[in-house]
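Undergrad: There's a structure below that I have some questions on.
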Amino acid sequence: MIIVSQNRTAIINFDTIHRITANGCSVWIHNADSAGYESEIGTYDTPERAKEVLKGIAGRYALAAHYYMPEE
């Protein structure tokens, strides 16, 4: 799978990503290479929207291959 950045200037190969995080109003990728490269791939109006986008990425990757940790 690939991810296209919000501004449509970057294409990221999902296989090279170590993790994707929602940090505040931004979504970041963290590559698995030794340099620890990270890049902001989208910004949103609220942290909740950034989390929704992160959830959407997980859903696109594999419909049943992810697990959301319970809050309690």
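Residue numbering restarts at 1 for every chain of the structure tokens, chains are lettered A, B, ... in their displayed order, and ligands are numbered from 1 as they appear.
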For range 13-17 of chain A, please output as a list of chain:residue names all residues within 10 Å (counting only C-alpha atoms; exclusion window: fewer than 5 positions along the same chain).

TA: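 Counting only the stated atoms, we get A:Met1, A:Ile2, A:Ile3, A:Val4, A:Ile29, A:His30, A:Asn31, A:Ala32, A:Asp33, A:Tyr37, A:Glu38, A:Tyr61.
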
Undergrad: Can you tell me how far CA of Arg49 in chain A sits from CA of Cys25 in chain A, in Å to one decimal?

TA: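 We find that CA of Arg49 in chain A and CA of Cys25 in chain A lie 7.3 Å from each other.
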
Undergrad: Need the shell around Leu54 in chain A: protein/DNA/RNA residues with any atom at most 12 Å away, counting only C-alpha atoms. Skip same-chain ones fewer than 5 positions apart. Format as a ChimeraX atom specification?

TA: /A:3,19-29,41-44,47-49,59-61,66,68
